[in-house]
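A.B. asks: Can you keep this structure in mind? I'll have questions shortly.
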Amino acid sequence: MSFLSKFDPEIADAIENEINRQRSGLEMIASENIVSRAVLEAMGTPLTNKYSEGYPGKRYYGGNQFIDVSENLAIDRAKKIFGAEHANVQPHSGSQANAAAYFALLNPSDKILAMNLAHGGHLSHGAPVNFSGKFYNVVFYGVSKDTGRIDMDDVREIALREKPRLILTGASAYPREIDFAAFRKIADEVGAYLMADIAHIAGLVAAKIHSDPVPVCDVVTTTTHKTLRGPRGALILSKIADRLRPEDKKNLAQKIDSAVFPGMQGGPLEHVIAAKAVAMLEALQPDFIEYQKQIVKNAKVLAETLLAGGLKLVSGGTDNHLILIDLTDTGLAGKQVEDALGEVEIYVNKNMIPYDTRKPTDPSGIRLGTPALTTRGMKENEMKLVGEMIVKIVKNIADENIKKEVRESVRELVTKFPIYQGFSVL
Ligand code: PLP
């Protein structure tokens, strides 16, 4: 980065500090990961210079012959990984992918049945402060108070009563496996479209260690930067299953493409699309399956360690990459714990828990995940150590000596599992 540091040392400094923060801390935010250098290299290229509105072979600007190669590779790899018949790789973000999927399937004010934000859903699934809550009529299902799990009888009852045009499944903070086939049955019963937003679990789905939404949903959206370990961005996938007549299949693919462009976006970020293609080639390697399995094994050991340390977990554990700690019994608030862990360089986020009595800005939960630590090469033994560190901080929230001790342990651990070593030449 010698050009950058000479021309703009302030930005170069901020970047170097951020790289060092990522190197020296434990990144346990469930929606984050660490991309490979190959992905970084693809992103930092002159592909950012190019306007390529439209789709491969049908662009509104000349000079797209090489961009088309790159975008077609991304499309083919997305279809291959997820067994989809159609893939749109252009959405800039998960929220935009969701917006485009709604545009393709719905009219303004149509009814959507989605997961409650406070129970693990996402802002773009109908929160009143988000476009989705403003443009559509959204009703919610949640998790059962006793089990912390989605109760499919409850979902069915709401669907029969509300008759939504679209049922949306998928979540940001749900630690259990989602039964997509059960959602399909309900959608068929009430004549609704079924959409899955697999932003969090895309890597697990790609590795086939989670139930597969693609064959049973009309549309599947995902971000590319979470368990899938790609650059920040999103995909829209559809199997367009045999349920649809050939003309309807074509229609749905076209509707999705035109909802993204010109419906939602202008020029695609082709440098990011190239990086998505690289990340998806990584996801097609056999060791990616081992990586995803390790993410889940790590989350299980982490959950067991937290439980053994006396902490309460929503739903009592995890099936996937994330864990939701319920702090209610500790007398501590989410923000306080997020801050205390941040002081020792363990990064997590405060999160609502189902039936939370505290406000969203300072809720009763902590969400944490294992994708980034697993990318660093950490396994079960390290998860036990990290779990014990978290318990120590929660139990001794104001003890500076304990914080010092845990910070030392974090430093020791990250030294053994380095990232981007030799990357910075600032
Ligand atoms: N969908 C789900 C389930 C998510 O968890 C997220 C982000 O965390 C998104 C969509 C939105 O993605 P983005 O932040 O790229 O808009």
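FYI, nothing fancy with the structure tokens labels: chains A, B, ... in order, residues from 1 per chain, ligands from 1 as they appear.
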What does the list of residues within 8 Å of ligand 1 look like if you count only C-alpha atoms and all ligand atoms, written as a ChimeraX atom specification?
C.D. replies: /A:31,92-98,121-125,170-173,197-200,221-223,225,232-234
A.B. asks: Give the helix (DSSP H, G or I) residues of stretch 265-392 of chain A, as assigned by DSSP on the backbone, as a PyMOL selection string.
C.D. replies: chain A and resi 270-283+286-308+314-316+328-330+334-343+371-375+380-392
A.B. asks: List the neighbours of A:Asn137 out to 9 Å using only C-alpha atoms; skip same-chain residues closer than 2 positions along the sequence, and give me the result as a PyMOL selection string.
C.D. replies: chain A and resi 108-113+126+132-135+139+164
A.B. asks: Keeping only all heavy atoms, write the selected residues as a CSV table (one decimal), in the first residue's frame.
C.D. replies:
```
chain,number,residue,atom,x,y,z
A,108,PRO,N,-46.5,-3.4,-3.8
A,108,PRO,CA,-46.5,-2.7,-2.5
A,108,PRO,C,-47.8,-3.0,-1.7
A,108,PRO,O,-48.9,-3.2,-2.3
A,108,PRO,CB,-46.5,-1.2,-2.9
A,108,PRO,CG,-45.9,-1.3,-4.3
A,108,PRO,CD,-46.3,-2.6,-4.9
A,109,SER,N,-47.7,-3.0,-0.4
A,109,SER,CA,-48.8,-3.3,0.6
A,109,SER,C,-49.1,-4.8,0.7
A,109,SER,O,-50.0,-5.2,1.5
A,109,SER,CB,-50.0,-2.6,0.3
A,109,SER,OG,-49.8,-1.2,0.2
A,110,ASP,N,-48.6,-5.7,-0.2
A,110,ASP,CA,-48.9,-7.1,0.0
A,110,ASP,C,-48.4,-7.6,1.4
A,110,ASP,O,-47.5,-7.0,2.0
A,110,ASP,CB,-48.1,-7.9,-1.1
A,110,ASP,CG,-48.9,-8.0,-2.4
A,110,ASP,OD1,-50.0,-7.5,-2.5
A,110,ASP,OD2,-48.3,-8.5,-3.4
A,111,LYS,N,-49.0,-8.7,1.8
A,111,LYS,CA,-48.7,-9.2,3.1
A,111,LYS,C,-47.5,-10.2,3.1
A,111,LYS,O,-47.5,-11.1,2.3
A,111,LYS,CB,-49.9,-9.8,3.7
A,111,LYS,CG,-49.8,-10.1,5.2
A,111,LYS,CD,-51.1,-10.6,5.8
A,111,LYS,CE,-52.1,-9.6,6.2
A,111,LYS,NZ,-53.3,-10.2,6.8
A,112,ILE,N,-46.6,-10.0,4.1
A,112,ILE,CA,-45.5,-10.9,4.2
A,112,ILE,C,-45.6,-11.5,5.7
A,112,ILE,O,-45.9,-10.7,6.6
A,112,ILE,CB,-44.1,-10.1,4.1
A,112,ILE,CG1,-44.0,-9.5,2.8
A,112,ILE,CG2,-42.9,-11.1,4.4
A,112,ILE,CD1,-42.7,-8.6,2.6
A,113,LEU,N,-45.3,-12.7,5.8
A,113,LEU,CA,-45.2,-13.4,7.1
A,113,LEU,C,-43.7,-13.7,7.3
A,113,LEU,O,-43.1,-14.4,6.6
A,113,LEU,CB,-46.0,-14.6,7.2
A,113,LEU,CG,-45.8,-15.5,8.5
A,113,LEU,CD1,-46.2,-14.7,9.8
A,113,LEU,CD2,-46.7,-16.7,8.4
A,126,GLY,N,-39.1,-6.7,7.6
A,126,GLY,CA,-40.3,-6.1,7.9
A,126,GLY,C,-40.3,-5.2,9.1
A,126,GLY,O,-41.3,-4.8,9.6
A,132,SER,N,-38.8,-2.4,4.3
A,132,SER,CA,-39.7,-3.5,4.2
A,132,SER,C,-40.9,-3.4,5.1
A,132,SER,O,-42.0,-3.8,4.7
A,132,SER,CB,-38.9,-4.8,4.6
A,132,SER,OG,-38.3,-4.6,5.9
A,133,GLY,N,-40.8,-2.7,6.2
A,133,GLY,CA,-41.9,-2.5,7.1
A,133,GLY,C,-42.8,-1.3,6.6
A,133,GLY,O,-43.9,-1.2,7.0
A,134,LYS,N,-42.2,-0.4,5.8
A,134,LYS,CA,-42.9,0.7,5.4
A,134,LYS,C,-43.7,0.4,4.1
A,134,LYS,O,-44.8,0.9,3.9
A,134,LYS,CB,-42.0,1.9,5.1
A,134,LYS,CG,-41.3,2.4,6.3
A,134,LYS,CD,-40.4,3.7,5.9
A,134,LYS,CE,-39.3,3.9,6.9
A,134,LYS,NZ,-39.8,4.4,8.2
A,135,PHE,N,-43.1,-0.5,3.2
A,135,PHE,CA,-43.8,-0.7,1.9
A,135,PHE,C,-44.7,-1.9,1.9
A,135,PHE,O,-45.5,-2.1,1.0
A,135,PHE,CB,-42.7,-1.0,0.8
A,135,PHE,CG,-41.9,0.2,0.4
A,135,PHE,CD1,-40.8,0.1,-0.4
A,135,PHE,CD2,-42.2,1.5,0.9
A,135,PHE,CE1,-40.0,1.2,-0.7
A,135,PHE,CE2,-41.5,2.6,0.6
A,135,PHE,CZ,-40.4,2.4,-0.2
A,139,VAL,N,-46.6,-9.3,9.0
A,139,VAL,CA,-47.0,-9.9,10.2
A,139,VAL,C,-45.9,-10.9,10.6
A,139,VAL,O,-45.1,-11.3,9.7
A,139,VAL,CB,-48.4,-10.6,10.1
A,139,VAL,CG1,-49.5,-9.6,9.9
A,139,VAL,CG2,-48.4,-11.6,8.9
A,164,PRO,N,-50.8,-14.7,4.1
A,164,PRO,CA,-49.8,-13.8,3.5
A,164,PRO,C,-49.5,-14.2,2.0
A,164,PRO,O,-49.8,-15.4,1.6
A,164,PRO,CB,-48.5,-14.1,4.3
A,164,PRO,CG,-48.7,-15.5,4.8
A,164,PRO,CD,-50.2,-15.7,5.0
```
A.B. asks: Between A:Thr328, A:Thr375, A:Gln336, A:Thr227, single out the one closest to A:Ala30, counting only C-alpha atoms.
C.D. replies: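 Smallest distance to A:Ala30 is found for A:Thr227.
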A.B. asks: So, with only C-alpha atoms as the atoms that count, which of A:Pro9, A:Pro231, A:Gly310, A:Pro175 lies closest to A:Glu41?
C.D. replies: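 Comparing A:Pro9, A:Pro231, A:Gly310, A:Pro175 against A:Glu41, the winner is A:Pro231.
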A.B. asks: Please identify all polymer residues within 12 Å of stretch 12-15 of chain A, counting only C-alpha atoms, omitting same-chain residues fewer than 2 positions from it, and present them as a list in words.
C.D. replies: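 The residues satisfying every condition are Met1, Ser2, Phe3, Leu4, Ser5, Lys6, Phe7, Asp8, Pro9, Glu10, Asn17, Glu18, Ile19, Asn20, Arg21, Gln22, Phe423, Ser424, Val425 and Leu426 of chain A.
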A.B. asks: Can you write out the residues you just picked, keeping N, CA, C and O atoms, as a compact mmCIF listing (two decimals), in the first residue's frame?
C.D. replies:
```txt
# COMPACT_ATOMS: atom_id res chain seq x y z
N MET A 1 0.82 -1.21 0.00
CA MET A 1 0.00 0.00 0.00
C MET A 1 0.85 1.25 0.00
O MET A 1 0.50 2.25 0.63
N SER A 2 2.00 1.16 -0.68
CA SER A 2 2.93 2.29 -0.61
C SER A 2 2.34 3.56 -1.25
O SER A 2 2.60 4.66 -0.78
N PHE A 3 1.53 3.42 -2.31
CA PHE A 3 0.94 4.61 -2.95
C PHE A 3 -0.01 5.29 -1.98
O PHE A 3 -0.01 6.52 -1.83
N LEU A 4 -0.81 4.49 -1.34
CA LEU A 4 -1.81 5.03 -0.42
C LEU A 4 -1.14 5.74 0.76
O LEU A 4 -1.51 6.85 1.13
N SER A 5 -0.15 5.11 1.34
CA SER A 5 0.45 5.72 2.54
C SER A 5 1.16 7.03 2.20
O SER A 5 1.21 7.94 3.02
N LYS A 6 1.67 7.14 0.97
CA LYS A 6 2.32 8.40 0.59
C LYS A 6 1.27 9.48 0.34
O LYS A 6 1.39 10.61 0.79
N PHE A 7 0.21 9.12 -0.39
CA PHE A 7 -0.76 10.13 -0.80
C PHE A 7 -1.73 10.51 0.31
O PHE A 7 -2.09 11.67 0.47
N ASP A 8 -2.20 9.50 1.08
CA ASP A 8 -3.24 9.77 2.06
C ASP A 8 -2.91 9.04 3.37
O ASP A 8 -3.53 8.02 3.71
N PRO A 9 -1.93 9.56 4.11
CA PRO A 9 -1.50 8.85 5.31
C PRO A 9 -2.59 8.70 6.38
O PRO A 9 -2.56 7.75 7.16
N GLU A 10 -3.58 9.61 6.35
CA GLU A 10 -4.64 9.48 7.38
C GLU A 10 -5.48 8.22 7.14
O GLU A 10 -5.77 7.47 8.07
N ASN A 17 -4.49 0.48 11.30
CA ASN A 17 -4.99 0.24 12.66
C ASN A 17 -6.09 -0.82 12.65
O ASN A 17 -6.16 -1.66 13.55
N GLU A 18 -6.95 -0.76 11.64
CA GLU A 18 -8.03 -1.75 11.57
C GLU A 18 -7.45 -3.15 11.30
O GLU A 18 -7.89 -4.13 11.91
N ILE A 19 -6.46 -3.23 10.42
CA ILE A 19 -5.84 -4.55 10.16
C ILE A 19 -5.24 -5.09 11.47
O ILE A 19 -5.41 -6.26 11.81
N ASN A 20 -4.57 -4.21 12.21
CA ASN A 20 -3.96 -4.66 13.46
C ASN A 20 -5.01 -5.06 14.49
O ASN A 20 -4.81 -6.00 15.26
N ARG A 21 -6.15 -4.32 14.50
CA ARG A 21 -7.22 -4.70 15.43
C ARG A 21 -7.71 -6.11 15.08
O ARG A 21 -7.90 -6.95 15.95
N GLN A 22 -7.90 -6.36 13.77
CA GLN A 22 -8.38 -7.68 13.37
C GLN A 22 -7.37 -8.76 13.71
O GLN A 22 -7.72 -9.87 14.10
N PHE A 423 1.09 -8.83 5.51
CA PHE A 423 0.17 -8.22 4.55
C PHE A 423 0.37 -6.71 4.48
O PHE A 423 0.32 -6.10 3.44
N SER A 424 0.64 -6.12 5.65
CA SER A 424 0.71 -4.66 5.70
C SER A 424 2.11 -4.17 5.36
O SER A 424 3.08 -4.55 5.97
N VAL A 425 2.22 -3.33 4.34
CA VAL A 425 3.50 -2.70 4.05
C VAL A 425 3.30 -1.21 4.12
O VAL A 425 3.93 -0.44 3.40
N LEU A 426 2.38 -0.77 4.98
CA LEU A 426 2.08 0.66 5.10
C LEU A 426 3.25 1.43 5.67
O LEU A 426 3.94 0.93 6.51
```
A.B. asks: Compare A:Thr305, A:Thr357, A:Gln90, A:Gln65 by their minimum atom-to-atom distance to A:Met264, counting only C-alpha atoms, and give me the closest one.
C.D. replies: A:Gln90
A.B. asks: Point out the residue among A:Leu413, A:Leu284, A:Leu368, A:Ala127 with the least atom-to-atom distance to A:Ala207, counting only C-alpha atoms.
C.D. replies: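 When distances to A:Ala207 are compared using only C-alpha atoms, the smallest one comes from A:Leu284.
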A.B. asks: Can you list every residue in stretch 181-418 of chain A that DSSP puts in strand (DSSP E or B), as a ChimeraX atom specification?
C.D. replies: /A:193-197,219-223,234-238,312-313,322-326,346-347,349-351,365-369
A.B. asks: Do you know which residues are at most 9 Å from A:Lys255 counting only C-alpha atoms, after dropping those on the same chain fewer than 2 positions away, and could you put them as a PDB file with C-alpha atoms, in the first residue's frame?
C.D. replies:
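Written out: part30.pdb:
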```pdb
ATOM      1  CA  ALA A 101     -36.748 -10.413  -4.189  1.00  0.00           C
ATOM      2  CA  PHE A 103     -40.004  -6.405  -5.883  1.00  0.00           C
ATOM      3  CA  ALA A 104     -39.929  -9.522  -8.055  1.00  0.00           C
ATOM      4  CA  LEU A 105     -42.676 -11.344  -6.180  1.00  0.00           C
ATOM      5  CA  LYS A 250     -38.456 -17.881 -17.360  1.00  0.00           C
ATOM      6  CA  ASN A 251     -40.695 -15.233 -15.883  1.00  0.00           C
ATOM      7  CA  LEU A 252     -39.353 -15.610 -12.368  1.00  0.00           C
ATOM      8  CA  ALA A 253     -35.707 -15.452 -13.518  1.00  0.00           C
ATOM      9  CA  ASP A 257     -32.980  -9.866 -12.817  1.00  0.00           C
ATOM     10  CA  SER A 258     -35.031  -6.808 -13.654  1.00  0.00           C
ATOM     11  CA  ALA A 259     -35.855  -6.213  -9.970  1.00  0.00           C
ATOM     12  CA  VAL A 260     -32.091  -5.967  -9.297  1.00  0.00           C
TER      13      VAL A 260
END
```
A.B. asks: Taking into account only C-alpha atoms, which residue in the set A:Pro128, A:Gly62, A:Pro56, A:Gly120 is nearest to A:Ala74?
C.D. replies: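 For A:Ala74, the nearest of the given residues is A:Pro56.
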